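Asker: Sharing my_file-v8.txt below, compact mmCIF, C-alpha atoms:
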```
# COMPACT_ATOMS: atom_id res chain seq x y z
CA MET V 295 17.34 55.36 17.89
CA ASN V 296 18.67 52.30 16.11
CA GLY V 297 21.26 52.63 13.41
CA ALA V 298 20.24 52.23 9.78
CA ALA V 299 20.89 49.46 7.31
CA VAL V 300 20.70 50.79 3.76
CA VAL V 301 19.91 48.26 1.02
CA THR V 302 19.78 49.25 -2.63
CA GLY V 303 17.96 47.29 -5.31
CA ALA V 304 15.69 46.14 -2.49
CA ALA V 305 12.43 45.53 -4.34
CA GLY V 306 13.00 42.03 -5.62
CA GLY V 307 15.18 38.96 -5.83
CA ILE V 308 18.34 39.11 -3.77
CA GLY V 309 17.70 42.64 -2.47
CA ARG V 310 14.33 41.78 -1.01
CA SER V 311 15.73 38.63 0.60
CA ILE V 312 18.48 40.69 2.22
CA ALA V 313 15.89 43.14 3.56
CA GLU V 314 13.77 40.28 4.91
CA ARG V 315 16.78 38.72 6.63
CA LEU V 316 17.71 42.06 8.20
CA CYS V 317 14.27 42.24 9.83
CA THR V 318 15.65 39.96 12.54
CA GLU V 319 18.42 42.44 13.35
CA ASP V 320 18.05 45.53 15.54
CA LEU V 321 18.28 48.02 12.68
CA ARG V 322 16.18 50.59 10.87
CA LEU V 323 15.84 49.55 7.25
CA VAL V 324 16.23 52.09 4.46
CA LEU V 325 15.34 50.42 1.17
CA ALA V 326 16.08 52.05 -2.16
CA ASP V 327 14.84 51.00 -5.58
CA LEU V 328 13.23 52.47 -8.69
CA SER V 329 10.86 49.53 -9.09
CA PRO V 330 7.18 50.09 -8.23
CA ARG V 331 7.41 46.83 -6.28
CA LEU V 332 9.29 48.72 -3.57
CA ALA V 333 6.00 49.86 -2.01
CA ASP V 334 4.82 46.24 -1.68
CA THR V 335 8.15 45.26 -0.13
CA VAL V 336 7.86 48.02 2.46
CA VAL V 337 4.28 47.08 3.35
CA ASP V 338 5.19 43.40 3.76
CA LEU V 339 8.17 44.18 6.00
CA GLU V 340 6.15 46.60 8.12
CA ARG V 341 3.61 43.83 8.66
CA ALA V 342 6.50 41.67 9.83
CA GLY V 343 7.34 44.32 12.43
CA ALA V 344 10.28 46.03 10.74
CA ASP V 345 11.09 49.72 11.08
CA VAL V 346 11.40 50.39 7.36
CA THR V 347 11.52 53.36 5.00
CA GLY V 348 11.27 52.98 1.25
CA VAL V 349 13.03 55.49 -0.97
CA PRO V 350 12.23 55.45 -4.71
CA ALA V 351 15.59 56.76 -5.86
CA ASP V 352 17.78 56.83 -8.95
CA LEU V 353 21.22 56.41 -7.43
CA THR V 354 22.96 57.56 -10.59
CA THR V 355 21.74 61.09 -9.73
CA ASP V 356 22.70 63.51 -6.97
CA ALA V 357 19.04 63.84 -5.99
CA GLY V 358 18.62 60.09 -5.57
CA VAL V 359 21.74 59.78 -3.42
CA ALA V 360 20.64 62.76 -1.32
CA ALA V 361 17.21 61.23 -0.73
CA VAL V 362 18.67 57.95 0.56
CA THR V 363 21.25 59.78 2.68
CA ALA V 364 18.52 61.90 4.28
CA ALA V 365 16.38 58.83 5.02
CA ALA V 366 19.33 57.04 6.61
CA GLY V 367 19.95 59.88 9.05
CA GLY V 368 23.13 60.39 11.01
CA ARG V 369 23.86 56.84 12.18
CA VAL V 370 24.45 54.13 9.58
CA GLU V 371 25.61 50.65 10.60
CA LEU V 372 25.36 48.78 7.29
CA VAL V 373 25.34 49.62 3.59
CA VAL V 374 24.46 46.90 1.09
CA ASN V 375 25.16 48.01 -2.47
CA ASN V 376 22.97 45.57 -4.36
CA ALA V 377 21.43 47.63 -7.19
CA GLY V 378 22.43 46.32 -10.60
CA ILE V 379 21.35 45.88 -14.20
CA THR V 380 22.42 43.83 -17.20
CA ARG V 381 22.54 44.69 -20.88
CA ASP V 382 24.12 41.58 -22.30
CA ALA V 383 25.52 41.31 -25.80
CA ARG V 384 28.67 40.21 -27.60
CA LEU V 385 31.31 42.91 -27.74
CA VAL V 386 30.68 43.67 -31.42
CA ASN V 387 27.01 44.32 -30.67
CA LEU V 388 27.41 46.38 -27.50
CA THR V 389 26.56 50.05 -27.82
CA ALA V 390 28.25 52.82 -25.91
CA GLU V 391 24.96 53.31 -24.06
CA ASP V 392 24.92 49.62 -23.02
CA VAL V 393 28.34 50.04 -21.45
CA ARG V 394 27.63 53.42 -19.88
CA ALA V 395 24.33 52.39 -18.30
CA VAL V 396 25.71 49.22 -16.72
CA LEU V 397 28.76 51.01 -15.32
CA GLU V 398 26.63 53.90 -14.01
CA VAL V 399 24.31 51.60 -12.05
CA ASN V 400 26.51 48.67 -11.04
CA LEU V 401 29.60 50.68 -10.14
CA GLY V 402 28.69 54.35 -10.13
CA ALA V 403 25.66 54.04 -7.84
CA ALA V 404 27.68 52.03 -5.31
CA TYR V 405 30.51 54.55 -5.38
CA ARG V 406 28.26 57.60 -5.09
CA LEU V 407 26.13 56.26 -2.26
CA THR V 408 29.09 54.88 -0.32
CA ARG V 409 30.90 58.20 -0.57
CA ALA V 410 27.81 60.01 0.71
CA LEU V 411 27.13 57.63 3.62
CA VAL V 412 30.64 57.01 4.97
CA PRO V 413 30.59 60.16 7.15
CA ALA V 414 27.46 58.84 8.91
CA MET V 415 28.79 55.32 9.45
CA THR V 416 29.54 54.21 12.98
CA ASP V 417 32.67 52.55 14.31
CA GLY V 418 32.45 48.82 13.58
CA SER V 419 29.99 49.29 10.74
CA ALA V 420 30.14 47.43 7.44
CA ILE V 421 29.70 47.77 3.71
CA VAL V 422 28.80 44.71 1.64
CA ASN V 423 28.91 45.06 -2.12
CA LEU V 424 27.03 42.65 -4.37
CA ALA V 425 29.49 41.72 -7.07
CA SER V 426 28.99 38.62 -9.20
CA ARG V 427 30.86 35.50 -10.17
CA ALA V 428 30.86 37.22 -13.58
CA TYR V 429 33.71 39.42 -12.35
CA LEU V 430 35.88 36.46 -13.36
CA GLY V 431 34.56 36.83 -16.91
CA ASN V 432 31.41 35.68 -18.70
CA PHE V 433 30.78 35.28 -22.42
CA GLY V 434 28.40 37.95 -23.68
CA GLN V 435 28.73 40.02 -20.51
CA PHE V 436 31.71 42.24 -21.25
CA ASN V 437 30.07 45.32 -19.72
CA TYR V 438 28.59 43.46 -16.76
CA SER V 439 31.84 41.63 -15.99
CA MET V 440 33.74 44.90 -16.25
CA SER V 441 31.38 46.63 -13.83
CA LYS V 442 31.54 43.82 -11.28
CA GLY V 443 35.31 43.52 -11.58
CA ALA V 444 35.61 47.23 -10.87
CA LEU V 445 33.28 46.81 -7.88
CA VAL V 446 35.62 44.14 -6.52
CA GLY V 447 38.54 46.55 -6.93
CA MET V 448 36.58 49.26 -5.15
CA THR V 449 35.79 46.85 -2.32
CA ARG V 450 39.43 45.98 -1.71
CA ALA V 451 40.66 49.56 -1.97
CA LEU V 452 37.97 50.86 0.40
CA ALA V 453 38.69 48.07 2.90
CA ILE V 454 42.22 49.44 3.21
CA GLU V 455 41.21 53.08 3.27
CA LEU V 456 38.33 52.79 5.75
CA ALA V 457 39.98 50.37 8.19
CA PRO V 458 39.86 49.96 11.09
CA ARG V 459 36.57 51.83 11.52
CA ILE V 460 34.54 50.32 8.68
CA ARG V 461 34.81 46.82 7.17
CA VAL V 462 34.20 46.37 3.43
CA ASN V 463 33.55 43.03 1.74
CA ALA V 464 31.87 41.73 -1.39
CA VAL V 465 29.64 38.79 -2.21
CA ALA V 466 29.88 37.29 -5.70
CA PRO V 467 26.81 35.16 -6.47
CA GLY V 468 26.75 32.64 -9.26
CA LEU V 469 23.47 31.46 -10.78
CA ILE V 470 20.73 32.37 -8.30
CA GLY V 471 17.03 31.62 -8.74
CA THR V 472 15.86 35.17 -9.31
CA GLU V 473 13.56 36.67 -11.92
CA MET V 474 16.65 37.64 -13.93
CA ALA V 475 17.94 34.05 -13.94
CA MET V 476 14.55 32.63 -14.89
CA GLY V 477 14.59 34.91 -17.92
CA ILE V 478 17.52 32.91 -19.33
CA PRO V 479 16.33 30.51 -22.05
CA GLU V 480 15.55 27.15 -20.48
CA GLU V 481 18.09 25.12 -22.45
CA ILE V 482 20.91 27.55 -21.65
CA ARG V 483 19.87 27.62 -17.99
CA ARG V 484 19.90 23.82 -17.91
CA ARG V 485 23.45 23.71 -19.26
CA MET V 486 24.53 26.31 -16.70
CA ILE V 487 23.11 24.22 -13.86
CA GLU V 488 24.89 21.12 -15.20
CA ALA V 489 28.19 23.01 -14.77
CA ILE V 490 27.52 23.67 -11.07
CA PRO V 491 29.00 21.00 -8.76
CA LEU V 492 26.04 21.26 -6.37
CA ALA V 493 23.72 20.72 -9.37
CA ARG V 494 21.23 23.50 -8.66
CA MET V 495 20.75 27.24 -8.67
CA GLY V 496 21.31 29.09 -5.45
CA ARG V 497 18.48 30.72 -3.52
CA PRO V 498 18.23 34.44 -2.74
CA ASP V 499 17.92 33.67 0.97
CA GLU V 500 21.27 31.84 0.86
CA VAL V 501 22.90 34.97 -0.53
CA ALA V 502 21.14 37.09 2.10
CA GLU V 503 22.50 34.88 4.88
CA LEU V 504 26.04 35.39 3.60
CA VAL V 505 25.56 39.16 3.36
CA VAL V 506 24.42 39.33 6.98
CA TYR V 507 27.29 37.09 8.07
CA LEU V 508 29.81 39.45 6.48
CA ALA V 509 28.02 42.43 8.02
CA LYS V 510 28.70 40.92 11.44
CA ALA V 511 32.10 39.30 10.86
CA SER V 512 34.29 41.59 12.94
CA TYR V 513 37.66 40.31 11.63
CA ILE V 514 36.93 40.00 7.92
CA THR V 515 37.52 42.87 5.53
CA GLY V 516 38.68 43.24 1.94
CA HIS V 517 37.39 39.84 0.85
CA VAL V 518 35.25 38.64 -2.03
CA VAL V 519 33.22 35.53 -1.26
CA VAL V 520 31.91 33.57 -4.24
CA ILE V 521 28.59 31.84 -3.55
CA GLY V 522 28.15 29.72 -6.62
CA GLY V 523 27.57 26.10 -5.65
CA GLY V 524 31.20 25.24 -6.28
CA ARG V 525 31.45 26.91 -9.70
CA SER V 526 33.99 29.66 -9.19
CA LEU V 527 36.80 29.88 -11.73
CA THR V 528 35.26 28.39 -14.88
```
Before we go any further, please render this structure as structure tokens.
Answerer:
Amino acid sequence: MNGAAVVTGAAGGIGRSIAERLCTEDLRLVLADLSPRLADTVVDLERAGADVTGVPADLTTDAGVAAVTAAAGGRVELVVNNAGITRDARLVNLTAEDVRAVLEVNLGAAYRLTRALVPAMTDGSAIVNLASRAYLGNFGQFNYSMSKGALVGMTRALAIELAPRIRVNAVAPGLIGTEMAMGIPEEIRRRMIEAIPLARMGRPDEVAELVVYLAKASYITGHVVVIGGGRSLT
């Protein structure tokens, strides 16, 4: 039986692209998401010949983590912690619930699932966490930037703790052409693109390619790779 690749937030955008890219690898796919679009994703990937299981799971709960762990079975080769949400607002307008919810999903879900799956991970396996260029700080995204910065810290700490058996890296996308990005008002999105040296948004498949590269890179661990078209520090 092939080992499993677990991808969270797999129903759309970057998560779905990662799942599609993993179809070319010799892995069982375990896809977790709360979105009803997960069923369509599973059907499409099965038609493409993938061995795929969809798990509608809330990873902020013990039951959700247990469901994904059971579906993954006893041999896990890759974990991609991609699930994430935003609740953007200026600090003075953020509610305690806005902060709690973003931390619970963006950081807490990754921590809880990783902790549950590590015992089943094989020698030479990998964890790739989806951070964000926002971990460097974004106006109006105090809670989101905090959650992604903490995810970067978790990545580096786990890389030390789990070496040499398991490699842990993070990908930090900038502005990517997902449904979330297209929800940004057009004028603001235009100004954001003007600040990118490569003068365009990234594509989800470009992020997916980097995730798979890091999953295979046998001598890279503890790194955060920004994929932002040249816009990294500002």
Asker: Which one of V:Ile308, V:Ala366, V:Leu445, V:Leu388 sits closest to Pro467 of chain V if you count all atoms listed in the file?
Answerer: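 The closest residue to Pro467 of chain V is V:Ile308.
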Asker: Between V:Leu316, V:Val359, V:Ala304, V:Val386, which has the minimum distance to Glu503 of chain V (counting all atoms listed in the file)?
Answerer: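 Nearest candidate to Glu503 of chain V out of V:Leu316, V:Val359, V:Ala304, V:Val386: V:Leu316.
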Asker: Determine, counting all atoms listed in the file, every residue of protein, DNA or RNA that lies within 8 Å of (35.0, 50.1, 11.8) in the file coordinates, then give the result as a PyMOL selection string.
Answerer: chain V and resi 416-420+456-461
Asker: Please indicate the distance in Å from atom CA of Leu353 of chain V to atom CA of Gly468 of chain V, rounded to one decimal place.
Answerer: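 Interatomic distance, atom CA of Leu353 of chain V to atom CA of Gly468 of chain V: 24.5 Å.
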Asker: Using all atoms listed in the file for the distances, tell me which of V:Thr389, V:Asn432, V:Thr449, V:Thr363 is nearest to Met415 of chain V.
Answerer: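 Ranked by minimum distance to Met415 of chain V, first place goes to V:Thr363.
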Asker: Counting only C-alpha atoms, select every polymer residue within 6 Å of (40.3, 45.3, 3.3) as defined in the file's coordinates, and provide the selection as a VMD selection string.
Answerer: chain V and resid 450 453 to 454 515 to 516
Asker: Atoms to include: C-alpha atoms. Write the selected residues as a PDB file, in the coordinates of the input.
Answerer:
```pdb
ATOM      1  CA  ARG V 450      39.430  45.980  -1.710  1.00  0.00           C
ATOM      2  CA  ALA V 453      38.690  48.070   2.900  1.00  0.00           C
ATOM      3  CA  ILE V 454      42.220  49.440   3.210  1.00  0.00           C
ATOM      4  CA  THR V 515      37.520  42.870   5.530  1.00  0.00           C
ATOM      5  CA  GLY V 516      38.680  43.240   1.940  1.00  0.00           C
TER       6      GLY V 516
END
```
Asker: May I ask for the distance between atom CA of Asn376 of chain V and atom CA of Ser311 of chain V, given in Å to one decimal place?
Answerer: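 These atoms are spaced 11.2 Å apart.
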Asker: What is the distance, in Å and to one decimal place, between atom CA of Ala357 of chain V and atom CA of Arg406 of chain V?
Answerer: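 Calculated distance between atom CA of Ala357 of chain V and atom CA of Arg406 of chain V is 11.2 Å.
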Asker: Of the candidates V:Thr318, V:Ser439, V:Asn387, V:Asn375, which one gets nearest to Leu411 of chain V if we count all atoms listed in the file?
Answerer: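 Closest to Leu411 of chain V, using all atoms listed in the file: V:Asn375.
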Asker: Neighbouring residues of Val374 of chain V were defined as those with any atom within 10 Å, considering only C-alpha atoms; residues of the same chain fewer than 6 positions away were excluded. Please report them as JSON, numbers by chain.
Answerer: {"V": [299, 300, 301, 302, 303, 304, 309, 312, 313, 325, 404, 408, 420, 421, 422, 423, 424, 463, 464, 505, 506, 509]}
Asker: From the set V:Lys442, V:Arg384, V:Arg485, V:Arg322, which residue has the shortest atom-to-atom contact distance to Gly402 of chain V, counting only C-alpha atoms?
Answerer: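 Among the listed residues, V:Lys442 lies closest to Gly402 of chain V.
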Asker: With only C-alpha atoms as the atoms that count, which of V:Asp327, V:Asp382, V:Asp334, V:Asp345 lies nearest to Ile478 of chain V?
Answerer: V:Asp382
Asker: Could you list, as a PDB file with C-alpha atoms, in the coordinates of the input, every residue within 8 Å of Gly378 of chain V, counting all atoms listed in the file and ignoring same-chain residues fewer than 6 positions away?
Answerer:
```
ATOM      1  CA  GLY V 303      17.960  47.290  -5.310  1.00  0.00           C
ATOM      2  CA  VAL V 396      25.710  49.220 -16.720  1.00  0.00           C
ATOM      3  CA  VAL V 399      24.310  51.600 -12.050  1.00  0.00           C
ATOM      4  CA  ASN V 400      26.510  48.670 -11.040  1.00  0.00           C
TER       5      ASN V 400
END
```
Asker: Please provide as a PyMOL selection string all residues within 8 Å of Ala466 of chain V, with the sequence filter that same-chain residues fewer than 4 positions apart are discarded (counting all atoms listed in the file).
Answerer: chain V and resi 424-429+518-522
Asker: Write the residues you've just listed into a file as an mmCIF file, in the frame of the given file, and include C-alpha atoms for each of them.
Answerer:
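After the write, again.cif holds the following:
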```
data_model
loop_
_atom_site.group_PDB
_atom_site.id
_atom_site.type_symbol
_atom_site.label_atom_id
_atom_site.label_comp_id
_atom_site.auth_asym_id
_atom_site.auth_seq_id
_atom_site.Cartn_x
_atom_site.Cartn_y
_atom_site.Cartn_z
ATOM 1 C CA LEU V 424 27.030 42.650 -4.370
ATOM 2 C CA ALA V 425 29.490 41.720 -7.070
ATOM 3 C CA SER V 426 28.990 38.620 -9.200
ATOM 4 C CA ARG V 427 30.860 35.500 -10.170
ATOM 5 C CA ALA V 428 30.860 37.220 -13.580
ATOM 6 C CA TYR V 429 33.710 39.420 -12.350
ATOM 7 C CA VAL V 518 35.250 38.640 -2.030
ATOM 8 C CA VAL V 519 33.220 35.530 -1.260
ATOM 9 C CA VAL V 520 31.910 33.570 -4.240
ATOM 10 C CA ILE V 521 28.590 31.840 -3.550
ATOM 11 C CA GLY V 522 28.150 29.720 -6.620
#
```
Asker: Missing atoms in segment 379-411 of chain V: fill them in up to N, CA and C atoms and send the result as an mmCIF file, in the coordinates of the input.
Answerer:
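The new file selection-v3.cif reads:
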```
data_model
loop_
_atom_site.group_PDB
_atom_site.id
_atom_site.type_symbol
_atom_site.label_atom_id
_atom_site.label_comp_id
_atom_site.auth_asym_id
_atom_site.auth_seq_id
_atom_site.Cartn_x
_atom_site.Cartn_y
_atom_site.Cartn_z
ATOM 1 N N ILE V 379 22.077 46.182 -12.973
ATOM 2 C CA ILE V 379 21.350 45.880 -14.200
ATOM 3 C C ILE V 379 22.253 45.096 -15.141
ATOM 4 N N THR V 380 21.651 44.463 -16.130
ATOM 5 C CA THR V 380 22.420 43.830 -17.200
ATOM 6 C C THR V 380 21.937 44.366 -18.544
ATOM 7 N N ARG V 381 22.868 44.438 -19.473
ATOM 8 C CA ARG V 381 22.540 44.690 -20.880
ATOM 9 C C ARG V 381 23.511 43.831 -21.692
ATOM 10 N N ASP V 382 23.193 42.550 -21.753
ATOM 11 C CA ASP V 382 24.120 41.580 -22.300
ATOM 12 C C ASP V 382 24.143 41.587 -23.834
ATOM 13 N N ALA V 383 25.335 41.446 -24.354
ATOM 14 C CA ALA V 383 25.520 41.310 -25.800
ATOM 15 C C ALA V 383 26.989 40.987 -26.047
ATOM 16 N N ARG V 384 27.273 40.399 -27.206
ATOM 17 C CA ARG V 384 28.670 40.210 -27.600
ATOM 18 C C ARG V 384 29.291 41.573 -27.825
ATOM 19 N N LEU V 385 30.600 41.646 -27.669
ATOM 20 C CA LEU V 385 31.310 42.910 -27.740
ATOM 21 C C LEU V 385 30.985 43.680 -29.023
ATOM 22 N N VAL V 386 30.911 42.983 -30.148
ATOM 23 C CA VAL V 386 30.680 43.670 -31.420
ATOM 24 C C VAL V 386 29.290 44.280 -31.503
ATOM 25 N N ASN V 387 28.383 43.810 -30.646
ATOM 26 C CA ASN V 387 27.010 44.320 -30.670
ATOM 27 C C ASN V 387 26.703 45.296 -29.533
ATOM 28 N N LEU V 388 27.625 45.456 -28.606
ATOM 29 C CA LEU V 388 27.410 46.380 -27.500
ATOM 30 C C LEU V 388 27.459 47.823 -27.993
ATOM 31 N N THR V 389 26.519 48.617 -27.513
ATOM 32 C CA THR V 389 26.560 50.050 -27.820
ATOM 33 C C THR V 389 27.246 50.787 -26.681
ATOM 34 N N ALA V 390 27.654 51.989 -26.956
ATOM 35 C CA ALA V 390 28.250 52.820 -25.910
ATOM 36 C C ALA V 390 27.271 53.034 -24.767
ATOM 37 N N GLU V 391 25.981 53.128 -25.093
ATOM 38 C CA GLU V 391 24.960 53.310 -24.060
ATOM 39 C C GLU V 391 24.828 52.059 -23.193
ATOM 40 N N ASP V 392 24.954 50.868 -23.794
ATOM 41 C CA ASP V 392 24.920 49.620 -23.020
ATOM 42 C C ASP V 392 26.027 49.603 -21.968
ATOM 43 N N VAL V 393 27.198 50.036 -22.364
ATOM 44 C CA VAL V 393 28.340 50.040 -21.450
ATOM 45 C C VAL V 393 28.160 51.117 -20.389
ATOM 46 N N ARG V 394 27.776 52.309 -20.815
ATOM 47 C CA ARG V 394 27.630 53.420 -19.880
ATOM 48 C C ARG V 394 26.583 53.127 -18.817
ATOM 49 N N ALA V 395 25.412 52.621 -19.244
ATOM 50 C CA ALA V 395 24.330 52.390 -18.300
ATOM 51 C C ALA V 395 24.702 51.359 -17.243
ATOM 52 N N VAL V 396 25.337 50.270 -17.666
ATOM 53 C CA VAL V 396 25.710 49.220 -16.720
ATOM 54 C C VAL V 396 26.772 49.722 -15.736
ATOM 55 N N LEU V 397 27.738 50.453 -16.221
ATOM 56 C CA LEU V 397 28.760 51.010 -15.320
ATOM 57 C C LEU V 397 28.151 52.030 -14.362
ATOM 58 N N GLU V 398 27.238 52.865 -14.857
ATOM 59 C CA GLU V 398 26.630 53.900 -14.010
ATOM 60 C C GLU V 398 25.852 53.299 -12.854
ATOM 61 N N VAL V 399 25.121 52.207 -13.111
ATOM 62 C CA VAL V 399 24.310 51.600 -12.050
ATOM 63 C C VAL V 399 25.144 50.669 -11.184
ATOM 64 N N ASN V 400 25.837 49.727 -11.799
ATOM 65 C CA ASN V 400 26.510 48.670 -11.040
ATOM 66 C C ASN V 400 27.709 49.165 -10.261
ATOM 67 N N LEU V 401 28.409 50.129 -10.810
ATOM 68 C CA LEU V 401 29.600 50.680 -10.140
ATOM 69 C C LEU V 401 29.357 52.087 -9.624
ATOM 70 N N GLY V 402 28.850 52.949 -10.494
ATOM 71 C CA GLY V 402 28.690 54.350 -10.130
ATOM 72 C C GLY V 402 27.747 54.572 -8.963
ATOM 73 N N ALA V 403 26.612 53.867 -8.946
ATOM 74 C CA ALA V 403 25.660 54.040 -7.840
ATOM 75 C C ALA V 403 26.285 53.612 -6.518
ATOM 76 N N ALA V 404 27.024 52.501 -6.532
ATOM 77 C CA ALA V 404 27.680 52.030 -5.310
ATOM 78 C C ALA V 404 28.715 53.037 -4.826
ATOM 79 N N TYR V 405 29.498 53.560 -5.742
ATOM 80 C CA TYR V 405 30.510 54.550 -5.380
ATOM 81 C C TYR V 405 29.877 55.804 -4.806
ATOM 82 N N ARG V 406 28.865 56.327 -5.497
ATOM 83 C CA ARG V 406 28.260 57.600 -5.090
ATOM 84 C C ARG V 406 27.582 57.488 -3.732
ATOM 85 N N LEU V 407 26.837 56.399 -3.531
ATOM 86 C CA LEU V 407 26.130 56.260 -2.260
ATOM 87 C C LEU V 407 27.103 55.992 -1.118
ATOM 88 N N THR V 408 28.097 55.145 -1.363
ATOM 89 C CA THR V 408 29.090 54.880 -0.320
ATOM 90 C C THR V 408 29.796 56.161 0.092
ATOM 91 N N ARG V 409 30.212 56.936 -0.874
ATOM 92 C CA ARG V 409 30.900 58.200 -0.570
ATOM 93 C C ARG V 409 30.023 59.115 0.275
ATOM 94 N N ALA V 410 28.724 59.145 -0.022
ATOM 95 C CA ALA V 410 27.810 60.010 0.710
ATOM 96 C C ALA V 410 27.542 59.509 2.131
ATOM 97 N N LEU V 411 27.527 58.183 2.321
ATOM 98 C CA LEU V 411 27.130 57.630 3.620
ATOM 99 C C LEU V 411 28.289 57.403 4.584
#
```
